[in-house]
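Data first, discussion second: the structure below is written as structure tokens.
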Amino acid sequence: MDESRPVGRTSSDRASATPYLQTEAMNLKEGSLDRTFIALADPTRRAILARLNLGEARVTEIAEPFSISLNSVSKHIRLLERAALVKRERVGREHILSLNPSGLDEASAWIEQTKSLWLARFDTLNALLLKRKRGEL
Amino acid sequence: MTRRHQPKTVAAVVYRFDAPPQDVFDAWLDPDFAGKWWFTSPTSELNTTRIDGRLGGEYEIVDRRDGITYRAIGTFIEFDRPHRLAFTFAMPAMSDAVDEVTITIGPDGDGSKMTLEHACYRDFKKPYESGWGTMFGELDKLLRIRATNK
């Protein structure tokens with residue numbers, strides 16, 4: 001990751017750069033709508049959105065009121081990111097989450113998801129190129 | 001093929017690679033290499049990548065993961081090694097949409113910088129057009145109020 005030195009990408013791009021399966025379905029006409037519904041279908045995720053509506057917050061702050069593990073809160077947050085409802089910014093070691101107001105617009109959601117998909121692929125590609133340079137491939 | 005009367009939506013990314021432009025360019029064309037990153041995932045169970053890397057040449061990638069088989073096909077519509085590459089992208093089993101992907105690559109120190117533009121031509125619905133107006137409308141309002149107050 002440190003070796004990839006991407007340019008021109010924001011921390012929020014980076015944060016959601018994992019949704020392989022979900023974004024592969026992006027050509028489904030209703031794909032982004034499906035993701036939005038899945039994201040909104042869970043009470044914990046709706047509570048997270050309600051919390052973020054009060055203002056941006058760290059992952060640990062969001063997890064605090066819930067009786068579930070930090071790990072499962074993180075999973076919920078990732079799902080919200082994939083639906084482009086929540087965005088993540090990295091400030092040093094901190095991950096700050098906030099609502100993404102354009103997340104309910106299908107075109108914006110498609111753009112975000114498509115960018116995430118390509119950035120995730122390029123991370124893989126750059127790792128492969130480096131491996132080959134080191135003669136490991 | 002593409003429905004030009006539909007609005008064009010573009011997703012653009014810029015990425016810096018630790019390899020010279022020709023290596024990055026060829027990474028799209030070598031089937032063995034492309035099969036490891038282009039249209040696959042860490043959970044992929046099977047990947048078949050066929051690429052006829054030339055102007056007018058076609059590619060087909062079949063990737064199976066989590067029990068689902070994804071098939072992507074397309075044609076190279078611009079080919080200028082190692083500067084510029086463009087191809088169509090479609091997943092016929094899922095949609096009749098044909099997207100266009102354009103890549104430009106330039107040197108950047110001992111590596112390279114690649115710009116990718118992924119364009120699609122479709123009518124995206126606005127939340128209020130989706131028939132789920134109430135639920136989306138309310139949440140949308142909530143999000144926009146918050147955005148305006150920032």
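Residue numbers start at 1 in each chain; chains themselves are named A, B, ... in the order of the structure tokens; ligands are numbered from 1 in the order shown.
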
Just asking: which residues within range 15-133 of chain A are helix (DSSP H, G or I) according to DSSP, as JSON, numbers by chain? {"A": [15, 20, 21, 22, 23, 24, 25, 26, 27, 31, 32, 33, 34, 35, 36, 37, 38, 39, 40, 43, 44, 45, 46, 47, 48, 49, 50, 51, 52, 53, 59, 60, 61, 62, 63, 70, 71, 72, 73, 74, 75, 76, 77, 78, 79, 80, 81, 82, 101, 102, 103, 104, 106, 107, 108, 109, 110, 111, 112, 113, 114, 115, 116, 117, 118, 119, 120, 121, 122, 123, 124, 125, 126, 127, 128, 129, 130, 131, 132, 133]}

Go ahead and dump the residues you just picked, C-alpha atoms, as a PDB file, in the first residue's frame.
```pdb
ATOM      1  CA  ALA A  15     -11.377   3.973   2.030  1.00  0.00           C
ATOM      2  CA  TYR A  20     -15.137  -6.256  -5.680  1.00  0.00           C
ATOM      3  CA  LEU A  21     -18.291  -8.279  -5.790  1.00  0.00           C
ATOM      4  CA  GLN A  22     -20.656  -5.424  -5.142  1.00  0.00           C
ATOM      5  CA  THR A  23     -19.260  -3.148  -7.789  1.00  0.00           C
ATOM      6  CA  GLU A  24     -18.974  -5.928 -10.324  1.00  0.00           C
ATOM      7  CA  ALA A  25     -22.740  -5.835 -10.295  1.00  0.00           C
ATOM      8  CA  MET A  26     -22.655  -2.162 -11.209  1.00  0.00           C
ATOM      9  CA  ASN A  27     -23.807  -2.913 -14.722  1.00  0.00           C
ATOM     10  CA  GLY A  31     -27.276  -2.060  -8.907  1.00  0.00           C
ATOM     11  CA  SER A  32     -26.712   1.107  -6.951  1.00  0.00           C
ATOM     12  CA  LEU A  33     -30.303   1.170  -5.832  1.00  0.00           C
ATOM     13  CA  ASP A  34     -29.949  -2.374  -4.521  1.00  0.00           C
ATOM     14  CA  ARG A  35     -26.904  -1.378  -2.538  1.00  0.00           C
ATOM     15  CA  THR A  36     -28.760   1.558  -1.086  1.00  0.00           C
ATOM     16  CA  PHE A  37     -31.615  -0.679   0.032  1.00  0.00           C
ATOM     17  CA  ILE A  38     -29.319  -3.276   1.521  1.00  0.00           C
ATOM     18  CA  ALA A  39     -27.503  -0.513   3.355  1.00  0.00           C
ATOM     19  CA  LEU A  40     -30.703   0.982   4.719  1.00  0.00           C
ATOM     20  CA  PRO A  43     -31.359  -0.941  12.155  1.00  0.00           C
ATOM     21  CA  THR A  44     -27.702  -0.688  13.195  1.00  0.00           C
ATOM     22  CA  ARG A  45     -26.791   0.950   9.897  1.00  0.00           C
ATOM     23  CA  ARG A  46     -29.699   3.347  10.160  1.00  0.00           C
ATOM     24  CA  ALA A  47     -28.531   4.221  13.666  1.00  0.00           C
ATOM     25  CA  ILE A  48     -25.041   4.885  12.306  1.00  0.00           C
ATOM     26  CA  LEU A  49     -26.520   7.223   9.685  1.00  0.00           C
ATOM     27  CA  ALA A  50     -28.534   8.977  12.382  1.00  0.00           C
ATOM     28  CA  ARG A  51     -25.381   9.405  14.465  1.00  0.00           C
ATOM     29  CA  LEU A  52     -23.448  10.813  11.495  1.00  0.00           C
ATOM     30  CA  ASN A  53     -26.291  13.185  10.778  1.00  0.00           C
ATOM     31  CA  VAL A  59     -15.151   4.764  13.944  1.00  0.00           C
ATOM     32  CA  THR A  60     -14.591   4.200  17.673  1.00  0.00           C
ATOM     33  CA  GLU A  61     -17.023   6.984  18.564  1.00  0.00           C
ATOM     34  CA  ILE A  62     -19.662   5.442  16.347  1.00  0.00           C
ATOM     35  CA  ALA A  63     -19.126   2.004  17.847  1.00  0.00           C
ATOM     36  CA  LEU A  70     -15.907  -2.886  16.822  1.00  0.00           C
ATOM     37  CA  ASN A  71     -15.300  -5.385  14.043  1.00  0.00           C
ATOM     38  CA  SER A  72     -18.962  -5.818  13.197  1.00  0.00           C
ATOM     39  CA  VAL A  73     -19.545  -2.062  13.417  1.00  0.00           C
ATOM     40  CA  SER A  74     -16.725  -1.699  10.880  1.00  0.00           C
ATOM     41  CA  LYS A  75     -18.494  -4.160   8.594  1.00  0.00           C
ATOM     42  CA  HIS A  76     -21.678  -2.124   8.794  1.00  0.00           C
ATOM     43  CA  ILE A  77     -19.711   1.023   7.994  1.00  0.00           C
ATOM     44  CA  ARG A  78     -18.091  -0.632   4.967  1.00  0.00           C
ATOM     45  CA  LEU A  79     -21.511  -1.531   3.636  1.00  0.00           C
ATOM     46  CA  LEU A  80     -22.629   2.067   4.027  1.00  0.00           C
ATOM     47  CA  GLU A  81     -19.470   3.187   2.199  1.00  0.00           C
ATOM     48  CA  ARG A  82     -20.158   0.795  -0.667  1.00  0.00           C
ATOM     49  CA  PRO A 101     -25.170  13.697   0.636  1.00  0.00           C
ATOM     50  CA  SER A 102     -24.859  12.605  -2.992  1.00  0.00           C
ATOM     51  CA  GLY A 103     -25.148   8.937  -2.032  1.00  0.00           C
ATOM     52  CA  LEU A 104     -28.797   8.771  -2.945  1.00  0.00           C
ATOM     53  CA  GLU A 106     -27.711   6.968  -8.671  1.00  0.00           C
ATOM     54  CA  ALA A 107     -25.273   8.650 -11.051  1.00  0.00           C
ATOM     55  CA  SER A 108     -23.040   9.879  -8.213  1.00  0.00           C
ATOM     56  CA  ALA A 109     -23.187   6.466  -6.600  1.00  0.00           C
ATOM     57  CA  TRP A 110     -22.176   4.814  -9.891  1.00  0.00           C
ATOM     58  CA  ILE A 111     -19.217   7.205 -10.240  1.00  0.00           C
ATOM     59  CA  GLU A 112     -18.020   6.564  -6.684  1.00  0.00           C
ATOM     60  CA  GLN A 113     -18.363   2.803  -7.013  1.00  0.00           C
ATOM     61  CA  THR A 114     -16.676   2.692 -10.406  1.00  0.00           C
ATOM     62  CA  LYS A 115     -13.754   4.762  -9.117  1.00  0.00           C
ATOM     63  CA  SER A 116     -13.401   2.494  -6.081  1.00  0.00           C
ATOM     64  CA  LEU A 117     -13.422  -0.586  -8.276  1.00  0.00           C
ATOM     65  CA  TRP A 118     -10.649   0.676 -10.568  1.00  0.00           C
ATOM     66  CA  LEU A 119      -8.529   1.960  -7.675  1.00  0.00           C
ATOM     67  CA  ALA A 120      -8.760  -1.433  -5.990  1.00  0.00           C
ATOM     68  CA  ARG A 121      -7.700  -3.115  -9.244  1.00  0.00           C
ATOM     69  CA  PHE A 122      -4.808  -0.690  -9.675  1.00  0.00           C
ATOM     70  CA  ASP A 123      -3.599  -1.436  -6.139  1.00  0.00           C
ATOM     71  CA  THR A 124      -3.493  -5.100  -7.159  1.00  0.00           C
ATOM     72  CA  LEU A 125      -1.827  -4.298 -10.497  1.00  0.00           C
ATOM     73  CA  ASN A 126       0.843  -2.111  -8.947  1.00  0.00           C
ATOM     74  CA  ALA A 127       1.608  -4.801  -6.358  1.00  0.00           C
ATOM     75  CA  LEU A 128       1.993  -7.300  -9.226  1.00  0.00           C
ATOM     76  CA  LEU A 129       4.265  -4.951 -11.181  1.00  0.00           C
ATOM     77  CA  LEU A 130       6.480  -4.494  -8.114  1.00  0.00           C
ATOM     78  CA  LYS A 131       6.559  -8.237  -7.507  1.00  0.00           C
ATOM     79  CA  ARG A 132       7.669  -8.814 -11.080  1.00  0.00           C
ATOM     80  CA  LYS A 133      10.334  -6.125 -10.765  1.00  0.00           C
TER      81      LYS A 133
END
```

Given only C-alpha atoms as the basis, pick out the residue of A:Gly135, A:Leu99, A:Phe66, A:Val91 nearest to chain B.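 So, comparing all the options, the nearest one is A:Leu99.
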
Which residues, written as a count of residues only, have at least one atom at most 6 Å from range 35-47 of chain B, with only C-alpha atoms counted and residues fewer than 2 positions away on the same chain left out? 11

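Going from CA of Ile68 in chain B over to CA of Ala97 in chain B, you cover 19.7 Å.
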